[in-house]
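Colleague: Got a structure for you, query39.cif, holding mmCIF, C-alpha atoms and all ligand atoms.
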```
data_upload
#
loop_
_atom_site.label_atom_id
_atom_site.label_comp_id
_atom_site.auth_asym_id
_atom_site.auth_seq_id
_atom_site.Cartn_x
_atom_site.Cartn_y
_atom_site.Cartn_z
CA MET A 620 -9.32 -11.98 62.97
CA ALA A 621 -8.34 -10.83 59.48
CA ALA A 622 -10.96 -11.39 56.81
CA GLU A 623 -9.98 -14.18 54.46
CA ILE A 624 -9.41 -12.95 50.94
CA THR A 625 -11.01 -15.22 48.39
CA GLY A 626 -9.43 -14.96 44.96
CA PRO A 627 -11.38 -14.48 41.75
CA VAL A 628 -12.91 -17.57 40.20
CA ILE A 629 -12.44 -16.33 36.67
CA ARG A 630 -8.78 -15.86 35.81
CA PRO A 631 -8.01 -14.72 32.22
CA ARG A 632 -4.32 -14.72 33.15
CA ARG A 633 -4.33 -18.56 33.09
CA LEU A 634 -4.20 -18.44 29.29
CA ARG A 635 -1.24 -16.07 29.38
CA ARG A 636 1.00 -18.17 31.60
CA THR A 637 3.29 -19.79 29.03
CA PRO A 638 4.37 -18.93 25.49
CA ALA A 639 2.68 -22.11 24.29
CA LEU A 640 -0.66 -21.13 25.83
CA ARG A 641 -0.43 -17.62 24.49
CA ARG A 642 0.37 -18.93 21.04
CA MET A 643 -2.49 -21.41 21.09
CA VAL A 644 -5.15 -18.84 21.91
CA ALA A 645 -3.86 -15.97 19.76
CA GLU A 646 -6.82 -14.57 17.80
CA THR A 647 -4.74 -12.94 15.10
CA SER A 648 -1.62 -13.90 13.22
CA VAL A 649 0.48 -12.33 10.53
CA ASP A 650 1.71 -14.52 7.72
CA PRO A 651 4.23 -13.56 5.02
CA ARG A 652 1.68 -14.43 2.32
CA GLN A 653 -0.47 -11.55 3.58
CA LEU A 654 2.28 -8.97 3.13
CA VAL A 655 2.90 -6.89 0.02
CA LEU A 656 6.16 -5.00 -0.43
CA PRO A 657 5.97 -1.59 -2.12
CA LEU A 658 9.04 -1.01 -4.34
CA PHE A 659 10.29 2.13 -6.08
CA VAL A 660 12.15 2.05 -9.38
CA ARG A 661 13.77 5.16 -10.74
CA GLU A 662 14.68 5.79 -14.33
CA GLY A 663 18.34 6.46 -15.11
CA LEU A 664 19.91 5.22 -11.87
CA ASP A 665 23.22 3.32 -11.87
CA GLU A 666 22.87 2.20 -8.29
CA PRO A 667 20.10 2.20 -5.70
CA ARG A 668 19.51 5.56 -4.07
CA PRO A 669 18.56 5.68 -0.37
CA ILE A 670 15.44 7.60 0.64
CA GLY A 671 16.46 9.78 3.58
CA SER A 672 13.12 9.85 5.33
CA MET A 673 12.64 6.08 4.96
CA PRO A 674 15.78 4.45 6.37
CA GLY A 675 16.30 1.05 4.74
CA VAL A 676 14.12 1.86 1.70
CA VAL A 677 15.68 2.80 -1.65
CA GLN A 678 14.81 3.90 -5.14
CA HIS A 679 15.86 0.87 -7.17
CA THR A 680 17.59 0.56 -10.50
CA ARG A 681 15.83 -1.75 -12.94
CA SER A 682 18.18 -4.59 -12.03
CA THR A 683 18.13 -4.20 -8.26
CA LEU A 684 14.34 -3.98 -8.47
CA VAL A 685 14.24 -7.43 -10.03
CA ARG A 686 16.52 -8.78 -7.31
CA ALA A 687 14.26 -7.33 -4.62
CA ALA A 688 11.23 -8.97 -6.23
CA VAL A 689 13.01 -12.33 -6.39
CA GLU A 690 13.82 -12.04 -2.69
CA ALA A 691 10.16 -11.23 -1.98
CA ALA A 692 9.11 -14.35 -3.89
CA GLU A 693 11.63 -16.52 -2.05
CA LEU A 694 10.31 -15.31 1.28
CA GLY A 695 6.76 -16.20 0.29
CA LEU A 696 5.38 -12.68 0.34
CA GLY A 697 1.96 -12.05 -1.16
CA GLY A 698 3.23 -9.61 -3.72
CA VAL A 699 5.04 -6.45 -4.66
CA MET A 700 3.52 -3.07 -5.51
CA LEU A 701 5.62 -1.16 -8.03
CA PHE A 702 5.99 2.62 -8.21
CA GLY A 703 7.92 4.27 -11.04
CA VAL A 704 9.90 7.50 -10.86
CA PRO A 705 10.47 8.88 -14.38
CA GLU A 706 13.19 11.30 -15.48
CA GLN A 707 10.83 13.52 -17.48
CA ARG A 708 7.41 14.71 -16.43
CA ASP A 709 4.75 16.64 -18.30
CA ALA A 710 1.25 17.99 -17.80
CA ARG A 711 -0.39 14.84 -19.22
CA GLY A 712 1.80 12.32 -17.46
CA SER A 713 2.78 10.76 -20.81
CA GLY A 714 5.35 8.48 -19.19
CA ALA A 715 2.55 6.55 -17.55
CA VAL A 716 1.07 5.30 -20.82
CA ASP A 717 4.30 5.00 -22.80
CA PRO A 718 5.21 1.31 -23.19
CA ALA A 719 8.82 2.45 -22.74
CA GLY A 720 7.95 4.37 -19.57
CA ILE A 721 9.90 3.30 -16.49
CA LEU A 722 6.99 1.68 -14.67
CA ASN A 723 5.85 -0.34 -17.68
CA LEU A 724 9.39 -1.54 -18.38
CA ALA A 725 9.82 -2.47 -14.73
CA ILE A 726 6.60 -4.50 -14.72
CA THR A 727 7.88 -6.61 -17.62
CA ASP A 728 11.32 -6.98 -15.98
CA VAL A 729 9.79 -8.25 -12.74
CA VAL A 730 7.07 -10.44 -14.23
CA SER A 731 9.48 -12.16 -16.58
CA GLU A 732 11.68 -13.04 -13.62
CA VAL A 733 9.16 -14.09 -10.95
CA GLY A 734 6.34 -15.37 -13.15
CA ASP A 735 3.43 -16.67 -11.10
CA GLU A 736 5.50 -17.09 -7.94
CA LEU A 737 4.56 -13.61 -6.76
CA THR A 738 1.65 -11.29 -7.42
CA VAL A 739 3.01 -8.29 -9.28
CA MET A 740 1.00 -5.13 -8.74
CA SER A 741 1.49 -1.64 -10.07
CA ASP A 742 0.41 1.78 -8.91
CA LEU A 743 -2.11 3.14 -11.38
CA CYS A 744 -1.99 6.89 -10.87
CA LEU A 745 -0.58 9.90 -12.67
CA ASP A 746 1.10 11.73 -9.79
CA GLU A 747 4.57 10.30 -10.42
CA PHE A 748 4.33 11.25 -14.08
CA THR A 749 2.81 14.74 -14.04
CA ASP A 750 4.90 17.90 -13.71
CA HIS A 751 2.28 19.40 -11.37
CA GLY A 752 2.29 16.30 -9.17
CA HIS A 753 -1.48 15.81 -9.05
CA CYS A 754 -3.04 12.39 -9.43
CA GLY A 755 -5.13 13.56 -12.38
CA LEU A 756 -5.15 15.88 -15.37
CA LEU A 757 -5.88 19.55 -14.75
CA THR A 758 -8.49 21.86 -16.25
CA PRO A 759 -7.18 25.13 -17.77
CA ASP A 760 -7.93 26.85 -14.47
CA GLY A 761 -6.00 24.26 -12.46
CA ARG A 762 -8.66 21.98 -11.01
CA VAL A 763 -8.35 18.20 -11.18
CA ASP A 764 -10.52 17.05 -14.07
CA ASN A 765 -12.19 13.81 -12.99
CA ASP A 766 -13.54 12.56 -16.30
CA ARG A 767 -10.58 13.37 -18.52
CA THR A 768 -8.44 11.65 -15.92
CA LEU A 769 -10.57 8.52 -16.21
CA ALA A 770 -9.68 8.21 -19.87
CA ALA A 771 -6.00 8.52 -18.99
CA TYR A 772 -6.34 5.84 -16.29
CA ALA A 773 -7.98 3.48 -18.77
CA GLU A 774 -5.05 3.95 -21.13
CA MET A 775 -2.57 3.48 -18.28
CA ALA A 776 -4.31 0.26 -17.22
CA LEU A 777 -3.90 -1.12 -20.73
CA ALA A 778 -0.22 -0.19 -20.82
CA GLN A 779 0.35 -1.98 -17.52
CA ALA A 780 -1.68 -5.01 -18.59
CA ASP A 781 0.25 -5.20 -21.86
CA ALA A 782 3.44 -5.10 -19.80
CA GLY A 783 2.21 -8.20 -17.98
CA VAL A 784 0.99 -6.97 -14.60
CA ASP A 785 -1.17 -9.28 -12.46
CA MET A 786 -3.06 -6.59 -10.57
CA VAL A 787 -3.43 -2.85 -11.00
CA GLY A 788 -3.76 -0.51 -8.04
CA PRO A 789 -5.72 2.63 -8.95
CA SER A 790 -4.77 5.11 -6.21
CA GLY A 791 -5.92 8.46 -7.60
CA MET A 792 -9.36 8.67 -5.94
CA MET A 793 -11.19 9.78 -9.09
CA ASP A 794 -14.90 8.96 -9.08
CA GLY A 795 -15.65 6.01 -11.32
CA GLN A 796 -12.03 4.94 -11.80
CA VAL A 797 -12.55 1.26 -11.02
CA GLY A 798 -15.46 0.88 -13.43
CA VAL A 799 -13.63 2.58 -16.29
CA ILE A 800 -10.49 0.52 -15.74
CA ARG A 801 -12.44 -2.76 -15.52
CA GLU A 802 -14.28 -1.96 -18.74
CA ALA A 803 -11.09 -1.02 -20.58
CA LEU A 804 -9.25 -4.14 -19.44
CA ASP A 805 -12.12 -6.44 -20.37
CA ALA A 806 -12.62 -4.84 -23.77
CA ALA A 807 -8.93 -5.33 -24.56
CA GLY A 808 -8.90 -9.01 -23.59
CA HIS A 809 -7.35 -8.49 -20.15
CA ALA A 810 -10.21 -9.95 -18.11
CA ASP A 811 -7.66 -11.81 -15.96
CA VAL A 812 -5.96 -8.67 -14.68
CA SER A 813 -7.34 -7.92 -11.24
CA ILE A 814 -7.95 -4.60 -9.49
CA LEU A 815 -6.83 -3.63 -6.03
CA ALA A 816 -8.84 -0.46 -5.48
CA TYR A 817 -7.48 2.21 -3.19
CA SER A 818 -11.03 2.80 -2.03
CA ALA A 819 -10.81 4.78 1.19
CA LYS A 820 -7.74 6.90 0.70
CA TYR A 821 -7.41 9.84 3.03
CA ALA A 822 -5.70 13.19 2.53
CA SER A 823 -3.05 12.36 5.11
CA ALA A 824 -0.09 14.19 6.59
CA PHE A 825 1.59 10.80 6.96
CA TYR A 826 2.42 10.53 3.23
CA GLY A 827 5.34 12.94 3.69
CA PRO A 828 8.22 10.47 3.24
CA PHE A 829 6.55 8.87 0.18
CA ARG A 830 6.61 12.21 -1.57
CA GLU A 831 10.39 12.17 -1.17
CA ALA A 832 10.48 8.57 -2.35
CA VAL A 833 8.87 9.51 -5.67
CA ASP A 834 10.43 13.00 -5.93
CA SER A 835 6.91 14.43 -5.93
CA CYS A 836 6.35 17.76 -7.68
CA LEU A 837 3.13 18.45 -5.79
CA VAL A 838 2.46 21.96 -4.57
CA GLY A 839 -0.64 22.30 -2.42
CA ASP A 840 -2.70 19.28 -1.38
CA ARG A 841 -5.04 16.56 -2.64
CA ARG A 842 -8.09 17.43 -0.57
CA THR A 843 -10.47 17.75 -3.52
CA TYR A 844 -10.04 14.05 -4.28
CA GLN A 845 -8.58 12.25 -1.25
CA GLN A 846 -10.92 11.89 1.70
CA ASN A 847 -11.34 14.02 4.78
CA PRO A 848 -9.78 12.21 7.78
CA ALA A 849 -12.98 13.01 9.70
CA ASN A 850 -15.07 10.59 7.63
CA ALA A 851 -15.48 6.85 8.24
CA LEU A 852 -18.91 6.26 6.70
CA GLU A 853 -17.66 7.86 3.51
CA GLY A 854 -14.83 5.32 3.48
CA VAL A 855 -17.36 2.50 3.61
CA ARG A 856 -19.35 4.16 0.82
CA GLU A 857 -16.25 4.41 -1.38
CA ALA A 858 -15.45 0.73 -0.77
CA LEU A 859 -18.99 -0.37 -1.63
CA LEU A 860 -18.92 1.69 -4.83
CA ASP A 861 -15.61 0.12 -5.84
CA VAL A 862 -16.94 -3.39 -5.24
CA ALA A 863 -19.97 -2.53 -7.37
CA GLU A 864 -17.64 -1.24 -10.11
CA GLY A 865 -15.69 -4.50 -10.11
CA ALA A 866 -12.88 -4.16 -7.57
CA ASP A 867 -11.36 -7.53 -6.65
CA LEU A 868 -9.87 -6.16 -3.43
CA VAL A 869 -10.51 -2.87 -1.65
CA MET A 870 -7.99 -0.92 0.36
CA VAL A 871 -7.94 1.52 3.24
CA LYS A 872 -5.02 3.92 3.39
CA PRO A 873 -3.29 4.96 5.65
CA ALA A 874 -3.67 2.08 8.09
CA LEU A 875 -2.83 3.10 11.65
CA ALA A 876 -4.84 6.28 12.04
CA TYR A 877 -7.73 4.54 10.24
CA LEU A 878 -8.03 1.14 11.94
CA ASP A 879 -11.70 1.85 12.65
CA VAL A 880 -12.27 2.35 8.93
CA VAL A 881 -10.47 -0.93 8.19
CA ARG A 882 -12.86 -2.68 10.57
CA GLN A 883 -15.97 -1.02 9.17
CA VAL A 884 -14.97 -1.77 5.59
CA ARG A 885 -14.14 -5.40 6.50
CA ASP A 886 -17.61 -5.76 7.98
CA SER A 887 -19.28 -4.20 4.92
CA VAL A 888 -17.80 -5.92 1.86
CA ASP A 889 -17.41 -9.49 0.64
CA VAL A 890 -14.02 -9.11 -1.03
CA PRO A 891 -10.56 -9.18 0.59
CA VAL A 892 -9.58 -5.95 2.34
CA ALA A 893 -6.08 -4.50 2.16
CA ALA A 894 -4.57 -1.77 4.29
CA TYR A 895 -1.50 0.32 3.43
CA ASN A 896 0.94 0.76 6.30
CA ILE A 897 2.30 3.93 4.74
CA SER A 898 5.58 5.79 4.64
CA GLY A 899 4.91 8.09 7.61
CA GLU A 900 3.92 5.13 9.78
CA TYR A 901 7.17 3.44 8.81
CA ALA A 902 9.24 6.57 9.37
CA MET A 903 7.80 7.21 12.83
CA VAL A 904 8.79 3.78 14.10
CA GLU A 905 12.20 3.89 12.41
CA ALA A 906 12.97 7.36 13.79
CA ALA A 907 11.87 6.54 17.33
CA ALA A 908 13.79 3.25 17.26
CA ALA A 909 16.91 5.00 15.97
CA GLN A 910 16.70 7.27 19.03
CA GLY A 911 16.38 4.25 21.28
CA TRP A 912 12.90 5.38 22.31
CA ILE A 913 11.07 2.24 21.27
CA GLU A 914 12.13 -1.33 20.55
CA ARG A 915 12.08 -1.69 16.82
CA GLU A 916 11.25 -5.35 16.07
CA PRO A 917 8.39 -5.71 18.58
CA ALA A 918 7.03 -2.37 17.38
CA ILE A 919 7.01 -3.63 13.77
CA LEU A 920 5.23 -6.86 14.67
CA GLU A 921 2.75 -5.08 16.94
CA THR A 922 1.97 -2.61 14.16
CA LEU A 923 1.28 -5.37 11.63
CA THR A 924 -0.72 -7.41 14.14
CA SER A 925 -2.93 -4.42 14.93
CA ILE A 926 -3.71 -3.90 11.25
CA ARG A 927 -4.62 -7.57 10.87
CA ARG A 928 -6.71 -7.46 14.05
CA ALA A 929 -8.63 -4.47 12.70
CA GLY A 930 -9.67 -6.67 9.78
CA ALA A 931 -7.11 -6.33 7.01
CA ASP A 932 -6.55 -9.51 5.02
CA VAL A 933 -3.57 -8.04 3.18
CA ILE A 934 -1.06 -5.42 4.35
CA LEU A 935 1.15 -3.29 2.14
CA THR A 936 4.22 -2.55 4.23
CA TYR A 937 7.80 -1.44 3.72
CA TRP A 938 8.72 -3.96 6.44
CA ALA A 939 7.38 -6.92 4.44
CA VAL A 940 10.76 -8.61 3.87
CA GLU A 941 12.00 -8.03 7.38
CA ALA A 942 8.69 -9.03 8.94
CA ALA A 943 8.65 -12.25 6.92
CA ARG A 944 12.07 -13.07 8.35
CA LEU A 945 11.02 -12.22 11.89
CA LEU A 946 7.90 -14.35 11.56
CA ARG A 947 9.92 -17.33 10.34
CA ARG A 948 12.05 -17.30 13.50
C1 LIG A 1001 -0.43 8.54 -4.80
C2 LIG A 1001 0.14 7.69 -3.74
C3 LIG A 1001 0.44 8.07 -2.41
C4 LIG A 1001 0.99 6.97 -1.78
C5 LIG A 1001 0.98 5.93 -2.69
N1 LIG A 1001 0.44 6.40 -3.91
C6 LIG A 1001 0.22 9.23 -1.62
C7 LIG A 1001 0.03 10.58 -2.08
O1 LIG A 1001 1.02 11.24 -2.41
O2 LIG A 1001 -1.10 11.01 -2.05
C8 LIG A 1001 1.48 6.97 -0.36
C9 LIG A 1001 2.23 5.81 0.12
C10 LIG A 1001 2.98 6.05 1.36
O3 LIG A 1001 2.92 7.13 1.97
O4 LIG A 1001 3.66 5.09 1.78
N2 LIG A 1001 -0.53 7.89 -6.00
#
```
Would you mind writing the file out in structure tokens?

Modeller:
Amino acid sequence: MAAEITGPVIRPRRLRRTPALRRMVAETSVDPRQLVLPLFVREGLDEPRPIGSMPGVVQHTRSTLVRAAVEAAELGLGGVMLFGVPEQRDARGSGAVDPAGILNLAITDVVSEVGDELTVMSDLCLDEFTDHGHCGLLTPDGRVDNDRTLAAYAEMALAQADAGVDMVGPSGMMDGQVGVIREALDAAGHADVSILAYSAKYASAFYGPFREAVDSCLVGDRRTYQQNPANALEGVREALLDVAEGADLVMVKPALAYLDVVRQVRDSVDVPVAAYNISGEYAMVEAAAAQGWIEREPAILETLTSIRRAGADVILTYWAVEAARLLRR
């Protein structure tokens, strides 16, 4: 006589049987309000210019930038993060602090159109404005000078605040940058401007397409200021320092290769945590999907869900508009 097979008593599959059950017990969700769209604006353009390595992403003109921000507001996104690409660059990155610099003009354009409907954020870093492409000022022998750079960041923060920005995003990984920016903003009467600190920012190979997006002049690498990909504890340390210096949100960047860091930072701080789903992460999915090797829309949603599951409250992603539409369906 054949032995009778008794089935398992505990059956996790029961909760996966129908879409309604799966939806009810989902631990993580992605909501448009949690998504921030990075946008590029380039000085001197007559029409938007596609970025080859980021299909679907463009360098905007000042007017198409405003339209993109309005669309982001209409879709209920959390915000936009603005990056400026100037026509002229110099060793000091003068365009960053010039009230007539492209990024400062763009901030005013966008804020005057969307008002409080959308959080307008701006990249606070010199790399788009320097002719050497580094995130800071250089010493005569070519090293990145932390403390002189801090003074430049303070000045840049004031220019962006004067232009009307809601939140600045210092991304240069200089020691002490958040504290100096907070102090400068407060002293100038901009106590309401908040700081999204790029706290744990790694020296990543996945930034490749972004460097095309901003026509980067960088030769060499950023390993003396961005973090070693080997280090997670150091990421937590950077985040804690930024909170102590007055960061309103902290960020981990990139996202996908650093989901463990996102989780550790989430468990270590008491402010919202953002993660930046960066250009290379975008390009990999777009390229594989274009080849028919992966299914694009599920891959986008799975990517964003994984970043939320790791602990990110806010995600900067080039898919923000499209994801908001997919999520509405
Ligand atoms: C530097 C900066 C970088 C990104 C945003 N700001 C990277 C870098 O060149 O080090 C990368 C964003 C992306 O790859 O999507 N200020």

Colleague: Given a cut-off of 6 Å, what residues near ligand LIG 1001 (chain A) show up using all atoms listed in the file, put as number ranges by chain?

Modeller: A: 744, 746, 790-791, 826, 829-830, 897-898

Colleague: Could I get the residues of stretch 827-914 of chain A with an atom no further than 12 Å from an atom of stretch 652-666 of chain A, each paired with its nearest atom pair and that distance in Å to one decimal, using only C-alpha atoms, sorted by chain and residue number, as a tab-separated table?

Modeller:
```
residue	atom	partner	partner_atom	distance
A:Phe829	CA	A:Phe659	CA	9.9
A:Arg830	CA	A:Phe659	CA	11.6
A:Glu831	CA	A:Phe659	CA	11.2
A:Ala832	CA	A:Phe659	CA	7.4
A:Val833	CA	A:Phe659	CA	7.5
A:Asp834	CA	A:Arg661	CA	9.8
A:Pro891	CA	A:Gln653	CA	10.8
A:Val892	CA	A:Gln653	CA	10.8
A:Ala893	CA	A:Gln653	CA	9.1
A:Ala894	CA	A:Leu654	CA	10.0
A:Tyr895	CA	A:Val655	CA	9.1
A:Asn896	CA	A:Pro657	CA	10.1
A:Ile897	CA	A:Pro657	CA	9.5
A:Ser898	CA	A:Pro657	CA	10.0
```

Colleague: Find the residues near stretch 919-926 of chain A: any atom within 9 Å, counting only C-alpha atoms, skip ones fewer than 3 places away on the same chain, and give them as JSON, numbers by chain.

Modeller: {"A": [647, 648, 649, 874, 875, 878, 881, 894, 896, 901, 904, 914, 915, 916, 929, 930, 931, 932, 934, 936, 938, 942, 945, 946]}

Colleague: Find the residue from A:Arg711, A:Arg947, A:Arg882, A:Arg856 that sits nearest to A:Ala771; use only C-alpha atoms when measuring.

Modeller: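 Looking at the shortest contact to A:Ala771, the residue is A:Arg711.
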
Colleague: Report as a list in words all protein, DNA and RNA residues lying within 9 Å of A:Asp811, evaluated on all atoms listed in the file, omitting residues in the same chain fewer than 3 positions from it.

Modeller: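 Neighbouring residues, sequence-local ones excluded: Asp785, Met786, Leu804, Asp805 and Gly808 of chain A.
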
Colleague: I'd like the neighbourhood of stretch 812-814 of chain A as number ranges by chain, where a residue qualifies if any of its atoms comes within 6 Å (using all atoms listed in the file), though same-chain residues fewer than 2 positions away should be ignored.

Modeller: A: 785-787, 809-810, 816, 866-867

Colleague: Between A:Val784, A:Ala902, A:Ala909, A:Val880, which has the minimum distance to A:Ile670 (counting only C-alpha atoms)?

Modeller: A:Ala902

Colleague: For atom CA of A:Arg948 and atom CA of A:Glu905, determine how far apart the two atoms are, in Å to one decimal place.

Modeller: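 About the pair atom CA of A:Arg948 and atom CA of A:Glu905: they are 21.2 Å apart.
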
Colleague: Quote the spacing between atom CA of A:Arg841 and atom CA of A:His753 in Å to one decimal place.

Modeller: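 Atom-to-atom, atom CA of A:Arg841 to atom CA of A:His753, that is 7.4 Å.
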
Colleague: One decimal, Å: what's the distance from atom CA of A:Val855 over to atom CA of A:Glu646, could you say?

Modeller: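 Going from atom CA of A:Val855 over to atom CA of A:Glu646, I get 24.6 Å.
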